[in-house]
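Shown next: coords_24.cif, given as mmCIF, C-alpha atoms.
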data_protein
#
loop_
_atom_site.label_atom_id
_atom_site.label_comp_id
_atom_site.auth_asym_id
_atom_site.auth_seq_id
_atom_site.Cartn_x
_atom_site.Cartn_y
_atom_site.Cartn_z
CA MET L 450 -44.09 -1.93 37.42
CA ASP L 451 -43.19 -5.52 36.64
CA ALA L 452 -44.30 -8.56 38.61
CA ILE L 453 -41.90 -11.44 39.11
CA GLU L 454 -42.98 -14.07 36.62
CA ASN L 455 -43.47 -17.71 37.64
CA GLU L 456 -42.29 -17.07 41.20
CA TYR L 457 -45.58 -16.86 42.99
CA TYR L 458 -44.49 -18.10 46.37
CA TYR L 459 -43.62 -16.21 49.53
CA ASP L 460 -39.91 -15.89 50.29
CA GLY L 461 -39.79 -12.75 52.46
CA ILE L 462 -39.67 -14.53 55.80
CA LYS L 463 -37.94 -11.67 57.64
CA PHE L 464 -40.73 -9.26 56.72
CA LEU L 465 -43.30 -11.31 58.63
CA GLU L 466 -42.72 -9.58 61.98
CA TYR L 467 -43.95 -6.37 60.35
CA THR L 468 -47.27 -7.92 59.32
CA ASN L 469 -50.61 -8.56 60.97
CA PHE L 470 -52.22 -11.50 59.23
CA LYS L 471 -55.78 -10.77 60.35
CA ILE L 472 -55.68 -7.12 59.30
CA PHE L 473 -53.94 -7.80 55.98
CA LYS L 474 -56.46 -10.51 55.16
CA SER L 475 -59.29 -8.07 55.90
CA VAL L 476 -57.73 -5.39 53.68
CA ILE L 477 -57.33 -7.82 50.78
CA GLU L 478 -60.89 -9.11 51.14
CA GLU L 479 -62.29 -5.58 51.18
CA SER L 480 -60.21 -4.55 48.17
CA THR L 481 -60.40 -7.64 45.95
CA GLY L 482 -63.17 -9.82 47.38
CA HIS L 483 -60.70 -12.69 47.82
CA LYS L 484 -61.48 -14.95 50.78
CA GLY L 485 -58.61 -17.27 51.65
CA ILE L 486 -58.93 -20.24 54.00
CA GLU L 487 -55.23 -20.35 54.97
CA ASP L 488 -54.35 -19.86 58.64
CA ASN L 489 -50.95 -18.20 58.21
CA PHE L 490 -49.52 -15.28 56.25
CA THR L 491 -47.06 -17.24 54.11
CA ASP L 492 -49.60 -19.68 52.70
CA TYR L 493 -52.25 -17.00 52.33
CA TYR L 494 -49.96 -14.67 50.38
CA SER L 495 -48.66 -17.49 48.20
CA ASN L 496 -52.21 -18.45 47.31
CA LEU L 497 -52.98 -14.83 46.45
CA LEU L 498 -50.08 -14.73 44.01
CA ASN L 499 -51.10 -18.01 42.44
CA THR L 500 -54.72 -16.87 42.13
CA TYR L 501 -53.97 -13.54 40.48
CA GLY L 502 -50.69 -14.40 38.77
CA ASN L 503 -52.17 -13.92 35.31
CA ASP L 504 -53.66 -10.52 36.15
CA PRO L 505 -50.71 -8.07 36.27
CA ILE L 506 -52.85 -5.11 37.34
CA LYS L 507 -54.46 -6.91 40.28
CA LEU L 508 -51.13 -8.51 41.21
CA VAL L 509 -49.41 -5.12 41.46
CA HIS L 510 -52.38 -3.81 43.46
CA ILE L 511 -51.97 -6.64 45.99
CA LYS L 512 -48.24 -6.00 46.27
CA ARG L 513 -48.92 -2.29 46.80
CA LEU L 514 -51.29 -3.12 49.65
CA PHE L 515 -48.57 -5.32 51.17
CA PHE L 516 -46.08 -2.45 50.78
CA GLU L 517 -48.41 -0.03 52.56
CA HIS L 518 -49.24 -2.64 55.20
CA ILE L 519 -45.57 -2.68 56.19
CA VAL L 520 -44.74 1.02 55.78
CA TYR L 521 -47.72 2.34 57.74
CA GLY L 522 -48.33 -0.61 60.04
CA ARG L 523 -45.46 -1.22 62.44
CA LEU L 524 -42.89 1.52 61.75
CA THR L 525 -43.74 3.50 64.87
CA ASN L 526 -40.97 6.14 64.92
CA ILE L 527 -41.76 8.98 62.52
CA TYR L 528 -39.26 11.77 61.76
CA LEU L 529 -40.54 14.93 60.08
CA TYR L 530 -38.48 17.23 57.87
CA ARG L 531 -39.20 20.08 55.47
CA ILE L 532 -37.66 20.36 52.00
CA SER L 533 -37.05 23.33 49.72
CA THR L 534 -36.89 21.21 46.56
CA SER L 535 -39.81 21.66 44.18
CA ALA L 536 -41.32 18.91 42.03
CA PHE L 537 -38.92 17.04 39.75
CA THR L 538 -39.57 16.30 36.11
CA LYS L 539 -39.90 12.57 35.47
CA GLN L 540 -36.76 12.62 33.36
CA PHE L 541 -34.63 14.10 36.14
CA PHE L 542 -36.30 12.04 38.87
CA PHE L 543 -35.69 8.75 37.05
CA LYS L 544 -31.98 9.60 36.71
CA ARG L 545 -31.71 10.19 40.45
CA VAL L 546 -33.79 7.11 41.33
CA SER L 547 -31.50 4.99 39.17
CA LEU L 548 -28.54 6.20 41.26
CA LEU L 549 -30.40 5.32 44.45
CA ILE L 550 -31.32 1.84 43.20
CA ASP L 551 -27.71 1.18 42.16
CA GLU L 552 -26.54 2.19 45.65
CA PHE L 553 -28.89 -0.19 47.45
CA LYS L 554 -29.06 -3.18 45.10
CA ILE L 555 -25.55 -4.55 45.72
CA ASN L 556 -26.72 -6.72 48.63
CA LEU L 557 -29.67 -8.18 46.74
CA SER L 558 -29.35 -11.38 44.73
CA ASN L 559 -28.57 -10.93 41.03
CA SER L 560 -31.81 -12.68 40.09
CA ILE L 561 -33.77 -9.78 41.58
CA HIS L 562 -31.83 -6.95 39.91
CA LYS L 563 -33.87 -7.08 36.70
CA TYR L 564 -37.01 -6.21 38.66
CA LEU L 565 -35.51 -3.06 40.22
CA SER L 566 -37.21 -0.78 37.75
CA ARG L 567 -37.16 3.01 37.96
CA ASP L 568 -40.90 2.75 37.22
CA GLY L 569 -41.42 1.13 40.63
CA PHE L 570 -41.38 -2.28 42.31
CA TYR L 571 -42.55 -4.19 45.40
CA LEU L 572 -40.20 -7.08 46.24
CA MET L 573 -40.87 -7.73 49.94
CA ASP L 574 -42.02 -11.28 49.16
CA SER L 575 -38.77 -12.15 47.32
CA ILE L 576 -35.94 -10.78 49.48
CA ASN L 577 -33.81 -12.77 51.91
CA VAL L 578 -30.58 -10.86 52.64
CA THR L 579 -28.17 -12.66 55.00
CA LYS L 580 -25.02 -10.51 55.02
CA SER L 581 -24.42 -8.85 58.39
CA GLY L 582 -25.21 -5.13 58.38
CA ALA L 583 -26.23 -5.19 54.69
CA ASN L 584 -28.46 -2.36 53.48
CA PHE L 585 -30.99 -2.93 50.68
CA ILE L 586 -34.10 -1.54 49.00
CA ALA L 587 -37.33 -3.56 49.04
CA GLY L 588 -39.92 -1.35 47.40
CA TYR L 589 -40.54 1.98 45.73
CA ASP L 590 -43.31 3.85 43.91
CA TYR L 591 -44.20 7.38 42.89
CA ASP L 592 -47.11 9.59 41.87
CA SER L 593 -47.00 12.11 39.05
CA GLN L 594 -49.02 14.90 37.53
CA GLY L 595 -48.24 15.52 33.89
CA ASP L 596 -44.48 15.55 33.44
CA ASN L 597 -43.75 16.14 37.14
CA VAL L 598 -43.28 13.70 40.02
CA VAL L 599 -45.26 14.98 43.01
CA SER L 600 -44.45 12.28 45.59
CA ALA L 601 -42.45 9.09 46.08
CA ARG L 602 -42.16 6.29 48.66
CA PHE L 603 -39.26 3.96 49.40
CA LEU L 604 -38.90 0.94 51.70
CA PHE L 605 -35.38 0.07 52.84
CA GLY L 606 -33.94 -2.60 55.09
CA ARG L 607 -30.80 -3.58 56.96
CA ASN L 608 -29.90 -7.10 58.06
CA VAL L 609 -29.21 -7.08 61.81
CA PHE L 610 -28.98 -9.48 64.74
CA LYS L 611 -30.51 -9.68 68.19
CA LYS L 612 -28.04 -9.70 71.06
CA HIS L 613 -26.79 -13.15 72.02
CA SER L 614 -28.38 -14.69 68.91
CA ASP L 615 -27.04 -16.02 65.61
CA LYS L 616 -30.35 -15.36 63.83
CA SER L 617 -30.70 -12.21 61.80
CA GLU L 618 -33.74 -10.07 61.14
CA PHE L 619 -34.59 -7.00 59.10
CA LEU L 620 -34.52 -3.49 60.48
CA LEU L 621 -36.89 -1.67 58.13
CA GLY L 622 -37.23 2.01 57.36
CA ALA L 623 -39.33 3.94 54.87
CA VAL L 624 -38.93 7.36 53.28
CA GLU L 625 -41.86 9.33 51.93
CA VAL L 626 -41.21 12.49 49.92
CA ASN L 627 -44.03 14.86 49.04
CA PHE L 628 -42.86 17.65 46.74
CA GLU L 629 -46.25 19.38 46.72
CA GLU L 630 -46.39 19.68 50.51
CA GLY L 631 -42.63 20.13 50.88
CA THR L 632 -42.22 17.25 53.33
CA PHE L 633 -39.66 14.49 53.86
CA THR L 634 -40.90 11.83 56.27
CA ILE L 635 -38.97 8.84 57.63
CA TYR L 636 -40.59 5.82 59.31
CA THR L 637 -38.59 3.31 61.39
CA LYS L 638 -39.18 0.72 64.08
CA ASN L 639 -37.84 0.96 67.63
CA PRO L 640 -34.45 -0.82 67.50
CA VAL L 641 -34.48 -2.73 70.80
CA GLY L 642 -31.77 -5.29 71.50
CA LEU L 643 -30.29 -5.32 68.00
CA THR L 644 -26.68 -5.51 66.82
CA GLN L 645 -24.93 -5.28 63.47
CA ASN L 646 -21.59 -6.58 62.20
CA GLY L 647 -21.13 -8.41 65.50
CA GLU L 648 -20.94 -5.13 67.40
CA LYS L 649 -23.16 -4.10 70.25
CA GLU L 650 -25.13 -0.94 69.61
CA ASP L 651 -23.43 0.87 72.50
CA GLU L 652 -20.03 0.12 70.96
CA ILE L 653 -20.88 2.13 67.87
CA GLU L 654 -20.41 5.87 68.11
CA GLU L 655 -23.65 7.51 69.17
CA GLU L 656 -23.38 10.18 66.48
CA SER L 657 -22.65 7.68 63.72
CA SER L 658 -25.40 7.72 61.10
CA TYR L 659 -24.69 4.03 60.54
CA SER L 660 -25.62 3.04 64.09
CA ILE L 661 -28.94 1.26 64.47
CA SER L 662 -30.36 3.97 66.73
CA ASN L 663 -29.55 6.53 64.03
CA TYR L 664 -30.90 4.45 61.15
CA TYR L 665 -33.30 7.27 60.32
CA LYS L 666 -30.35 9.65 59.93
CA PHE L 667 -28.63 7.20 57.56
CA LEU L 668 -31.79 7.10 55.42
CA LYS L 669 -32.21 10.87 55.54
CA ASP L 670 -28.64 11.55 54.41
CA LYS L 671 -28.48 8.83 51.75
CA VAL L 672 -31.86 9.39 50.14
CA SER L 673 -31.69 13.19 50.10
CA GLU L 674 -28.18 13.08 48.63
CA LEU L 675 -28.93 10.50 45.94
CA LEU L 676 -32.21 12.15 44.93
CA ASN L 677 -30.69 15.64 45.11
CA ILE L 678 -33.27 16.87 47.64
CA SER L 679 -32.50 19.88 49.85
CA ILE L 680 -33.71 19.38 53.43
CA ILE L 681 -34.37 22.56 55.41
CA PRO L 682 -32.45 22.63 58.73
CA THR L 683 -34.76 21.96 61.67
CA SER L 684 -35.65 24.94 63.87
CA SER L 685 -36.39 23.55 67.34
CA ASP L 686 -37.42 27.02 68.52
CA LYS L 687 -40.06 27.34 65.80
CA ASP L 688 -41.23 23.73 66.22
CA GLN L 689 -41.56 24.05 70.01
CA LYS L 690 -43.62 27.22 69.62
CA GLY L 691 -45.77 25.42 67.07
CA MET L 692 -46.31 22.45 69.36
CA TYR L 693 -47.28 24.84 72.19
CA ASN L 694 -49.89 26.44 69.94
CA PHE L 695 -51.22 23.03 68.88
CA CYS L 696 -51.48 21.68 72.41
CA LYS L 697 -52.92 24.93 73.80
CA SER L 698 -55.54 25.08 71.05
CA LEU L 699 -56.80 21.58 71.90
CA PHE L 700 -56.74 22.29 75.62
CA ASP L 701 -58.53 25.65 75.35
CA GLN L 702 -61.33 24.18 73.25
CA LEU L 703 -61.74 21.26 75.63
CA VAL L 704 -62.18 23.44 78.75
CA GLU L 705 -63.77 26.49 77.11
CA GLU L 706 -67.25 25.90 78.55
CA PRO L 707 -66.25 25.10 82.17
CA LYS L 708 -63.71 27.93 82.10
CA LYS L 709 -66.38 30.40 81.05
CA LEU L 710 -68.78 29.08 83.67
CA VAL L 711 -66.26 29.26 86.53
CA PHE L 712 -64.78 32.63 85.62
CA GLU L 713 -68.13 34.36 85.05
CA ASN L 714 -69.48 33.16 88.37
CA MET L 715 -66.36 33.71 90.44
CA ASN L 716 -64.33 36.57 89.00
CA VAL L 717 -66.00 39.19 91.21
CA LEU L 718 -65.54 37.04 94.31
CA ILE L 719 -61.95 36.21 93.40
CA SER L 720 -61.11 39.88 92.81
CA LYS L 721 -62.63 40.82 96.16
CA LYS L 722 -60.79 38.08 98.03
CA VAL L 723 -57.46 38.93 96.38
CA LYS L 724 -57.80 42.58 97.42
CA GLN L 725 -58.47 41.45 100.99
CA LEU L 726 -55.46 39.16 100.90
CA MET L 727 -53.21 41.87 99.40
CA LYS L 728 -54.32 44.24 102.15
CA LYS L 729 -53.55 41.64 104.80
CA ILE L 730 -50.10 40.99 103.33
CA ALA L 731 -49.41 44.75 103.33
CA GLU L 732 -50.19 44.81 107.06
CA LEU L 733 -47.57 42.11 107.59
CA GLY L 734 -44.87 43.78 105.52
CA GLU L 735 -44.40 45.49 102.16
CA LYS L 736 -47.46 46.10 100.00
CA PRO L 737 -47.62 43.80 96.94
CA THR L 738 -47.63 45.42 93.50
CA LYS L 739 -50.67 45.48 91.21
CA ASN L 740 -48.96 42.96 88.91
CA GLU L 741 -48.48 40.58 91.83
CA GLY L 742 -52.16 40.96 92.67
CA LYS L 743 -53.20 40.23 89.09
CA ALA L 744 -50.92 37.18 89.04
CA LEU L 745 -52.54 35.87 92.21
CA GLU L 746 -56.01 36.35 90.68
CA LYS L 747 -55.00 34.36 87.64
CA LYS L 748 -53.57 31.52 89.74
CA MET L 749 -56.67 31.37 91.91
CA GLU L 750 -58.85 31.19 88.80
CA ALA L 751 -56.72 28.33 87.49
CA LEU L 752 -56.90 26.44 90.79
CA LEU L 753 -60.67 26.83 91.02
CA LEU L 754 -61.12 25.73 87.40
CA GLY L 755 -58.99 22.66 88.16
CA VAL L 756 -61.11 21.84 91.19
CA TYR L 757 -64.33 22.29 89.22
CA VAL L 758 -63.21 20.10 86.30
CA SER L 759 -61.77 17.32 88.48
CA THR L 760 -64.96 17.14 90.60
CA ASN L 761 -67.54 17.56 87.84
CA MET L 762 -66.05 16.01 84.70
CA ASP L 763 -64.54 12.52 84.64
CA GLU L 764 -62.15 11.18 81.97
CA ASN L 765 -64.95 9.61 79.96
CA SER L 766 -67.01 12.80 79.76
CA LEU L 767 -63.94 14.78 78.71
CA ARG L 768 -63.17 12.31 75.90
CA LEU L 769 -66.79 12.46 74.74
CA LYS L 770 -66.66 16.25 74.93
CA ALA L 771 -63.55 16.31 72.73
CA ARG L 772 -65.32 14.06 70.21
CA GLU L 773 -68.47 16.19 70.35
CA LEU L 774 -66.39 19.28 69.58
CA SER L 775 -64.84 17.45 66.58
CA LEU L 776 -61.37 17.85 68.03
CA LEU L 777 -58.49 15.81 66.60
CA GLY L 778 -57.93 14.39 70.08
CA TYR L 779 -56.73 15.67 73.44
CA PRO L 780 -53.44 16.33 75.27
CA LEU L 781 -52.28 13.70 77.77
CA LYS L 782 -48.97 14.92 79.17
CA ILE L 783 -46.66 17.88 78.58
CA ASN L 784 -42.98 18.55 79.29
CA TYR L 785 -41.92 22.18 79.45
CA LYS L 786 -39.65 24.65 81.21
CA ASN L 787 -41.26 26.76 83.89
CA SER L 788 -40.56 30.41 84.63
CA ARG L 789 -37.51 29.45 86.67
CA THR L 790 -36.09 27.52 83.65
CA ASN L 791 -36.41 24.20 85.48
CA ARG L 792 -37.83 21.34 83.46
CA SER L 793 -41.34 20.40 84.47
CA SER L 794 -44.08 18.05 83.37
CA THR L 795 -47.72 17.52 84.11
CA GLY L 796 -50.47 15.16 83.04
CA THR L 797 -50.77 11.42 82.55
CA SER L 798 -49.33 8.80 80.20
CA THR L 799 -52.63 6.93 79.93
CA VAL L 800 -54.49 7.26 76.64
CA LYS L 801 -57.91 7.23 78.34
CA LYS L 802 -57.13 10.18 80.62
CA PRO L 803 -57.19 13.67 79.09
CA ILE L 804 -54.84 16.12 80.79
CA ALA L 805 -57.74 18.35 81.84
CA SER L 806 -59.11 15.67 84.16
CA SER L 807 -57.10 16.83 87.19
CA ASP L 808 -55.95 19.97 88.96
CA THR L 809 -52.92 20.07 86.66
CA LEU L 810 -54.98 22.75 84.96
CA TYR L 811 -53.23 25.03 87.41
CA SER L 812 -49.87 24.29 85.82
CA LEU L 813 -51.32 24.58 82.33
CA LEU L 814 -52.84 28.00 82.96
CA THR L 815 -49.83 29.46 84.79
CA ASP L 816 -46.27 28.14 84.29
CA PHE L 817 -46.90 26.35 81.00
CA GLU L 818 -48.76 29.28 79.46
CA SER L 819 -45.89 31.62 80.27
CA THR L 820 -43.28 29.51 78.45
CA ARG L 821 -44.92 29.55 74.99
CA LYS L 822 -42.74 26.55 74.08
CA LEU L 823 -43.30 22.81 74.27
CA ASN L 824 -40.44 20.40 73.60
CA LYS L 825 -42.26 17.15 74.35
CA TRP L 826 -45.88 16.16 74.86
CA SER L 827 -48.25 13.24 74.52
CA MET L 828 -51.52 13.36 72.64
CA ALA L 829 -54.39 10.94 72.06
CA TRP L 830 -55.77 10.97 68.50
CA PHE L 831 -59.24 9.72 67.69
CA TYR L 832 -58.69 6.68 65.49
CA ASP L 833 -61.89 6.50 63.47
CA LEU L 834 -61.83 9.48 61.11
CA LYS L 835 -65.45 8.98 60.01
CA ASP L 836 -67.49 7.88 63.05
CA ASP L 837 -67.83 10.81 65.49
CA SER L 838 -69.45 8.54 68.06
CA ASP L 839 -66.33 6.36 68.38
CA ASP L 840 -63.93 7.64 71.05
CA ASP L 841 -61.25 4.99 70.40
CA ALA L 842 -57.88 6.76 70.37
CA ILE L 843 -54.21 6.10 69.73
CA GLN L 844 -51.43 7.64 71.79
CA THR L 845 -48.46 9.52 70.38
CA ALA L 846 -45.45 11.23 71.92
CA ILE L 847 -44.33 14.33 70.01
CA GLU L 848 -40.81 15.62 70.58
CA SER L 849 -39.02 18.63 69.13
CA ASN L 850 -35.22 18.81 69.24
CA LYS L 851 -32.40 20.34 67.24
CA VAL L 852 -32.28 17.37 64.86
CA CYS L 853 -35.92 16.88 63.90
CA LEU L 854 -39.55 16.80 64.96
CA LYS L 855 -40.36 13.24 65.97
CA ILE L 856 -43.65 11.42 66.47
CA THR L 857 -43.67 8.11 68.34
CA LEU L 858 -46.71 5.85 68.16
CA ILE L 859 -47.20 4.35 71.61
CA ALA L 860 -49.96 1.84 70.85
CA THR L 861 -48.95 -1.69 69.81
CA ARG L 862 -51.81 -1.98 67.30
CA HIS L 863 -51.18 -2.22 63.57
CA HIS L 864 -51.81 1.20 62.00
CA ASN L 865 -52.70 2.27 58.46
CA LYS L 866 -51.90 4.96 55.92
CA GLU L 867 -55.00 7.02 56.65
CA ILE L 868 -54.38 7.52 60.38
CA LEU L 869 -50.64 8.11 59.98
CA HIS L 870 -51.09 10.68 57.22
CA HIS L 871 -53.80 12.31 59.35
CA VAL L 872 -51.43 12.63 62.32
CA ILE L 873 -48.44 13.80 60.26
CA ARG L 874 -50.44 16.33 58.24
CA ASN L 875 -51.93 17.97 61.34
CA VAL L 876 -48.64 18.11 63.23
CA ASN L 877 -46.96 19.67 60.21
CA LYS L 878 -49.62 22.40 60.08
CA TYR L 879 -48.18 23.89 63.28
CA ARG L 880 -44.53 23.90 62.23
#
Show the structure stored in the file as structure tokens.
Amino acid sequence: MDAIENEYYYDGIKFLEYTNFKIFKSVIEESTGHKGIEDNFTDYYSNLLNTYGNDPIKLVHIKRLFFEHIVYGRLTNIYLYRISTSAFTKQFFFKRVSLLIDEFKINLSNSIHKYLSRDGFYLMDSINVTKSGANFIAGYDYDSQGDNVVSARFLFGRNVFKKHSDKSEFLLGAVEVNFEEGTFTIYTKNPVGLTQNGEKEDEIEEESSYSISNYYKFLKDKVSELLNISIIPTSSDKDQKGMYNFCKSLFDQLVEEPKKLVFENMNVLISKKVKQLMKKIAELGEKPTKNEGKALEKKMEALLLGVYVSTNMDENSLRLKARELSLLGYPLKINYKNSRTNRSSTGTSTVKKPIASSDTLYSLLTDFESTRKLNKWSMAWFYDLKDDSDDDAIQTAIESNKVCLKITLIATRHHNKEILHHVIRNVNKYR
């Protein structure tokens, strides 16, 4: 992977909105020991290049950190796909990558073309595309084992404009292919208030893969075609069942102890009361069936559990309980179809409030449990993967539809590769 010789200055101005200077500076200091005194990203990065310009290995390492800082930091829309393609040989992979590079290099300046190596490159600090709607590639690398390529990452961009503005910016998207795990992941940023080619987004056909809102689809189609990767069609039915199992597993573990306590101490009383109520109803009209009696018992148990949890366990204790149990996090809000096929939802959109903190347990243990499918839900993930005492969490919305399984990062913080791979890997386990 070649570095750009004698050009150690920062020229990737439009990439700056995807950076967090404080975090990047901390990552560089931890990795290299370099302590810069600059107070802005451009000067700091330029000084880094000048400092390590004669050390190709360290220079590439810094550029890789910058690449990962962008890919895993602010690209908050994540689209998950499965692939049936097994690992490529390096020889075949390089042929396909060369086709991909040729497709995306036409909008880059000729002076940069020589650095677009099939061995990999990071050019975010040297790209300034101005053509309206122009697509380009900014970075790419791969990992191999022996003669086979096991994974690859690509960073792409498109030059777009904000509405009512003559200034352009970059809409970035990344593609990560893992042949070992059989995954094809796309990362993009929320395209709010952007236009391309002088057209408003709502003037472009909604289904068009070239529209800004469907930028992920453009990347999916182009990259899979050029690399000759077969993407498995998404099964929303399977994904929604998987997301139900994931959410239910977290929820059941979180309320296992109070559920056991309530049910063991009240099941006899509940059964007795239900029989009395069924007898009273029979005196008023037709006698309820045994199944109706059992259903009423279950609903009463759910209501009482909800009352117990909401009066004895606050949000903080539930979060600490989830951490104590070494859970990945906790559900916040769910959207599902109830037994009458009407769309329903329950829970909260606040990251500090687990769903089990209110009497919505009733819905979870009755209507939701009977559907066995979950098309959209929100989950809080514990952020620190090492410190079990830290209950800091990030919020995600997870949605399953006919097109893909999508994860949206709600928090505005700058993320990292470790937490994103952690989230993606665990969601994929339930597909």
| query | Could you write out as a VMD selection string the residues that the PyMOL selection byres ((chain L and resi 763-775) around 9) matches in the shown file? | reply | chain L and resid 699 702 to 704 758 to 762 776 to 779 801 to 807 831 837 to 840
Store the residues picked out above in a file with C-alpha atoms, as a tab-separated table (two decimals), keeping the file's coordinate frame.
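Written out: result.tsv:
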chain	number	residue	atom	x	y	z
L	699	LEU	CA	-56.80	21.58	71.90
L	702	GLN	CA	-61.33	24.18	73.25
L	703	LEU	CA	-61.74	21.26	75.63
L	704	VAL	CA	-62.18	23.44	78.75
L	758	VAL	CA	-63.21	20.10	86.30
L	759	SER	CA	-61.77	17.32	88.48
L	760	THR	CA	-64.96	17.14	90.60
L	761	ASN	CA	-67.54	17.56	87.84
L	762	MET	CA	-66.05	16.01	84.70
L	776	LEU	CA	-61.37	17.85	68.03
L	777	LEU	CA	-58.49	15.81	66.60
L	778	GLY	CA	-57.93	14.39	70.08
L	779	TYR	CA	-56.73	15.67	73.44
L	801	LYS	CA	-57.91	7.23	78.34
L	802	LYS	CA	-57.13	10.18	80.62
L	803	PRO	CA	-57.19	13.67	79.09
L	804	ILE	CA	-54.84	16.12	80.79
L	805	ALA	CA	-57.74	18.35	81.84
L	806	SER	CA	-59.11	15.67	84.16
L	807	SER	CA	-57.10	16.83	87.19
L	831	PHE	CA	-59.24	9.72	67.69
L	837	ASP	CA	-67.83	10.81	65.49
L	838	SER	CA	-69.45	8.54	68.06
L	839	ASP	CA	-66.33	6.36	68.38
L	840	ASP	CA	-63.93	7.64	71.05
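The nearest approach to Asn526 in chain L among the residues L:Asn784, L:Thr634, L:Asn577, L:Ser593, with all atoms listed in the file taken into account, belongs to L:Thr634.
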Return as a tab-separated table the residues of range 480-553 of chain L lying at most 7 Å from range 680-691 of chain L, together with the closest atom-to-atom pair for each and the distance in Å to one decimal, counting only C-alpha atoms, with rows in chain order and ascending residue number.
residue	atom	partner	partner_atom	distance
L:Tyr530	CA	L:Ile680	CA	6.9
L:Arg531	CA	L:Ile681	CA	5.4
L:Ile532	CA	L:Ile680	CA	4.3
L:Ser533	CA	L:Ile681	CA	6.3
| message | Report, in Å with one decimal, the straight-line distance from CA of Val546 in chain L to CA of Phe628 in chain L. | response | 14.9 Å
Set up a box along x, y and z of the file covering all listed atoms of range 709-724 of chain L, add 6 Å on every one of the six sides, and write the centre and edge lengths in Å to one decimal, as JSON.
{"center_x": -63.5, "center_y": 35.8, "center_z": 89.5, "size_x": 24.0, "size_y": 25.5, "size_z": 29.0}
| message | Since I can't run it myself right now, could you work out what the PyMOL selection byres ((chain L and resi 467) around 10) selects here and report it as number ranges by chain? | response | L: 463-466, 468-470, 518-524, 619-621, 638, 863
| message | Just to confirm, what's the straight-line distance from CA of Lys671 in chain L to CA of Asn627 in chain L in Å (one decimal)? | response |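 Rounded to one decimal, the two atoms are 16.9 Å apart.
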The PyMOL selection byres ((chain L and resi 829) around 8) resolved against shown file, as a PDB file with C-alpha atoms, keeping the file's coordinate frame:
ATOM      1  CA  GLY L 778     -57.930  14.390  70.080  1.00  0.00           C
ATOM      2  CA  TYR L 779     -56.730  15.670  73.440  1.00  0.00           C
ATOM      3  CA  PRO L 780     -53.440  16.330  75.270  1.00  0.00           C
ATOM      4  CA  LEU L 781     -52.280  13.700  77.770  1.00  0.00           C
ATOM      5  CA  VAL L 800     -54.490   7.260  76.640  1.00  0.00           C
ATOM      6  CA  SER L 827     -48.250  13.240  74.520  1.00  0.00           C
ATOM      7  CA  MET L 828     -51.520  13.360  72.640  1.00  0.00           C
ATOM      8  CA  TRP L 830     -55.770  10.970  68.500  1.00  0.00           C
ATOM      9  CA  PHE L 831     -59.240   9.720  67.690  1.00  0.00           C
ATOM     10  CA  ALA L 842     -57.880   6.760  70.370  1.00  0.00           C
ATOM     11  CA  ILE L 843     -54.210   6.100  69.730  1.00  0.00           C
ATOM     12  CA  GLN L 844     -51.430   7.640  71.790  1.00  0.00           C
ATOM     13  CA  THR L 845     -48.460   9.520  70.380  1.00  0.00           C
TER      14      THR L 845
END
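Counting all atoms listed in the file, Lys507 in chain L has the following residues at most 12 Å away, ignoring those fewer than 3 positions along the same chain: L:Met450, L:Asp451, L:Ala452, L:Ile477, L:Ser480, L:Thr481, L:Gly482, L:His483, L:Leu497, L:Leu498, L:Asn499, L:Thr500, L:Tyr501, L:Gly502, L:Asn503, L:Asp504, L:His510, L:Ile511, L:Lys512, L:Arg513, L:Leu514.
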| request: Figure out the distance between CA of Phe516 in chain L and CA of Ser575 in chain L, please, to one decimal in Å. | output: 12.6 Å
| Need the neighbours of (-40.4, 16.9, 43.4): which residues are at most 8 Å away, counting only C-alpha atoms, as an NGL selection string? | :L and (534-538 or 542 or 597-600 or 626-629)
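With distances restricted to only C-alpha atoms, L:Ile678 is the closest residue to Phe541 in chain L from L:His871, L:Phe490, L:Ile678, L:Asn496.
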| note | One residue among L:Met715, L:Val624, L:Leu753, L:Leu548 is nearest to Ile527 in chain L when using all atoms listed in the file, and that residue is L:Val624
| request: Could you give me, as a PyMOL selection string, the residues within 8 Å of Phe605 in chain L, counting all atoms listed in the file and dropping anything in the same chain fewer than 6 positions from it? | output: chain L and resi 584-588+621-623
| message | Need to verify the contact set: Met692 in chain L, 12 Å, all atoms listed in the file, exclusion of same-chain residues closer than 6 positions in sequence. Can you return it as number ranges by chain? | response | L: 685-686, 698-699, 780, 783-785, 820-828, 846-850, 854-856, 875-880
| Minimum-distance residue to Ser819 in chain L, chosen among L:Lys697, L:Lys866, L:Lys729, L:Lys708 (using all atoms listed in the file) |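 The closest residue to Ser819 in chain L is L:Lys697.
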